[in-house]
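Novice: The structure under discussion is supplied below as structure tokens; questions concerning it will follow.
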Amino acid sequence: MTAASPWSPEPPADFGRAFGIYPNKHFDDMGYEFWRTIQTLNLDSQFLMAKAVVGLMKKGGWGLIVNLSSNSIGLAAPDVSHYLASKMGIIGFTRGLATDLAGFGITVNAVGPTLPPSQAWDARGLPPALVEATVQR
């Protein structure tokens, strides 16, 4: 069997990213630098990862990219507009990238997981409305 990627005898051109930050901050209290930080960490990071691996995937003739969004994008929760914008951006990026790369045998998808209820939610001080809405989903 020939290698489909230069880094492994098997073709594991599968890269999953599990990253995201969501510090609570009301829109009135956030500046552009804070906004950009959230967009950079949650959205730009996925663009940069794709740029780093797409060439190898094209060379191998296939690949799978799984972007991480969030199930919270459908919620109306306070103090997370920056986070929701970044996670919805991932949906748009994923759709566009999937279209751009389909002809090269590369599949691009996004998943929208949630956090299970835990004491960590209490420790982070997540808004009760966000916790309740997420648990109900």
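Chains: A, B, ... in order of the structure tokens. Residues: from 1 per chain. Ligands: from 1, in order shown.
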Based on DSSP run over this structure's backbone, return all residues of stretch 15-66 of chain A in strand (DSSP E or B), as a list of chain:residue names.
Specialist: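 Across stretch 15-66 of chain A, those assigned strand (DSSP E or B) are A:Phe15, A:Gly16, A:Gly63, A:Leu64, A:Ile65, A:Val66.
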Novice: I need the residues from that last selection saved to file as a short mmCIF file (atom, residue, chain, number, x, y, z; two decimals), in the first residue's frame (with C-alpha atoms), if you can.
Specialist:
data_model
loop_
_atom_site.label_atom_id
_atom_site.label_comp_id
_atom_site.auth_asym_id
_atom_site.auth_seq_id
_atom_site.Cartn_x
_atom_site.Cartn_y
_atom_site.Cartn_z
CA PHE A 15 -7.31 16.62 11.86
CA GLY A 16 -9.73 17.46 14.62
CA GLY A 63 -8.51 14.27 3.58
CA LEU A 64 -10.96 15.05 6.30
CA ILE A 65 -11.18 18.31 8.23
CA VAL A 66 -13.49 18.53 11.22
#
Novice: Would you mind listing what lies within 9 Å of stretch 91-102 of chain A as a list in words, with only C-alpha atoms counted and same-chain residues fewer than 2 positions away left out?
Specialist: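 That gives Leu43, Gln46, Phe47, Ala50, Val54, Lys58, Ile65, Val66, Asn67, Leu68, Ser69, Lys87, Met88, Gly89, Phe104, Gly105, Ile106, Thr107, Val108, Asn109 and Ala110 of chain A.
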Novice: Given the selection you just returned, output its residues as a file containing N, CA and C atoms, formatted as an mmCIF file, in the first residue's frame.
Specialist:
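Output file selection.cif is given in full below:
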data_model
loop_
_atom_site.group_PDB
_atom_site.id
_atom_site.type_symbol
_atom_site.label_atom_id
_atom_site.label_comp_id
_atom_site.auth_asym_id
_atom_site.auth_seq_id
_atom_site.Cartn_x
_atom_site.Cartn_y
_atom_site.Cartn_z
ATOM 1 N N LEU A 43 -11.793 31.267 15.651
ATOM 2 C CA LEU A 43 -12.062 31.169 14.212
ATOM 3 C C LEU A 43 -10.788 31.167 13.377
ATOM 4 N N GLN A 46 -8.731 27.973 13.136
ATOM 5 C CA GLN A 46 -9.185 26.903 12.261
ATOM 6 C C GLN A 46 -8.793 27.158 10.802
ATOM 7 N N PHE A 47 -8.793 28.428 10.413
ATOM 8 C CA PHE A 47 -8.283 28.803 9.094
ATOM 9 C C PHE A 47 -6.805 28.444 8.977
ATOM 10 N N ALA A 50 -6.221 24.700 8.708
ATOM 11 C CA ALA A 50 -6.565 24.219 7.359
ATOM 12 C C ALA A 50 -5.469 24.586 6.369
ATOM 13 N N VAL A 54 -3.962 21.457 4.170
ATOM 14 C CA VAL A 54 -4.655 21.234 2.895
ATOM 15 C C VAL A 54 -3.691 20.829 1.784
ATOM 16 N N LYS A 58 -4.196 17.516 -0.403
ATOM 17 C CA LYS A 58 -4.311 17.530 -1.868
ATOM 18 C C LYS A 58 -3.289 16.589 -2.483
ATOM 19 N N ILE A 65 -11.351 17.216 7.278
ATOM 20 C CA ILE A 65 -11.177 18.308 8.233
ATOM 21 C C ILE A 65 -12.467 18.406 9.031
ATOM 22 N N VAL A 66 -12.343 18.390 10.336
ATOM 23 C CA VAL A 66 -13.489 18.532 11.217
ATOM 24 C C VAL A 66 -13.284 19.787 12.058
ATOM 25 N N ASN A 67 -14.088 20.790 11.799
ATOM 26 C CA ASN A 67 -14.021 22.038 12.557
ATOM 27 C C ASN A 67 -14.952 21.956 13.757
ATOM 28 N N LEU A 68 -14.615 22.686 14.787
ATOM 29 C CA LEU A 68 -15.395 22.658 16.014
ATOM 30 C C LEU A 68 -16.157 23.959 16.177
ATOM 31 N N SER A 69 -17.474 23.866 16.079
ATOM 32 C CA SER A 69 -18.339 25.006 16.324
ATOM 33 C C SER A 69 -18.895 24.850 17.734
ATOM 34 N N LYS A 87 -18.199 31.296 16.566
ATOM 35 C CA LYS A 87 -18.647 29.935 16.283
ATOM 36 C C LYS A 87 -19.555 29.873 15.055
ATOM 37 N N MET A 88 -20.358 30.919 14.816
ATOM 38 C CA MET A 88 -21.134 30.970 13.570
ATOM 39 C C MET A 88 -20.205 31.184 12.379
ATOM 40 N N GLY A 89 -19.134 31.922 12.580
ATOM 41 C CA GLY A 89 -18.142 32.102 11.524
ATOM 42 C C GLY A 89 -17.551 30.770 11.086
ATOM 43 N N PHE A 104 -11.000 17.865 -4.646
ATOM 44 C CA PHE A 104 -9.699 17.252 -4.331
ATOM 45 C C PHE A 104 -9.860 16.030 -3.430
ATOM 46 N N GLY A 105 -11.092 15.603 -3.197
ATOM 47 C CA GLY A 105 -11.326 14.446 -2.336
ATOM 48 C C GLY A 105 -11.219 14.772 -0.857
ATOM 49 N N ILE A 106 -11.347 16.036 -0.522
ATOM 50 C CA ILE A 106 -11.230 16.464 0.874
ATOM 51 C C ILE A 106 -12.615 16.848 1.383
ATOM 52 N N THR A 107 -13.011 16.232 2.465
ATOM 53 C CA THR A 107 -14.292 16.487 3.096
ATOM 54 C C THR A 107 -14.079 17.435 4.276
ATOM 55 N N VAL A 108 -14.958 18.404 4.396
ATOM 56 C CA VAL A 108 -14.880 19.363 5.496
ATOM 57 C C VAL A 108 -16.240 19.418 6.184
ATOM 58 N N ASN A 109 -16.233 19.194 7.494
ATOM 59 C CA ASN A 109 -17.457 19.232 8.284
ATOM 60 C C ASN A 109 -17.208 20.021 9.558
ATOM 61 N N ALA A 110 -18.287 20.362 10.223
ATOM 62 C CA ALA A 110 -18.201 20.999 11.534
ATOM 63 C C ALA A 110 -19.130 20.262 12.481
#
Novice: Could you work out how far atom CA of A:Ile90 lies from atom CA of A:Ser70, giving the answer in Å with one decimal?
Specialist: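 Atom CA of A:Ile90 lies 9.2 Å from atom CA of A:Ser70.
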Novice: Give me the residues within 12 Å of A:Phe34 as JSON, numbers by chain, counting only C-alpha atoms and dropping any in the same chain fewer than 6 places off.
Specialist: {"A": [21, 22, 23, 24, 25, 26, 27, 28, 40, 41, 81, 82, 83]}
Novice: Between atom CA of A:Ala85 and atom CA of A:Thr114, what is the distance, to one decimal in Å?
Specialist: 16.4 Å
Novice: Rounded to one decimal place, report the atom CA of A:Lys51-atom CA of A:Trp35 distance in Å.
Specialist: 22.7 Å
Novice: Check the smallest atom-to-atom distance from each of A:Ser86, A:Asp29, A:Val80, A:Gly61 to A:Asp44 using only C-alpha atoms, then report the winner.
Specialist: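 Among the listed residues, A:Ser86 lies closest to A:Asp44.
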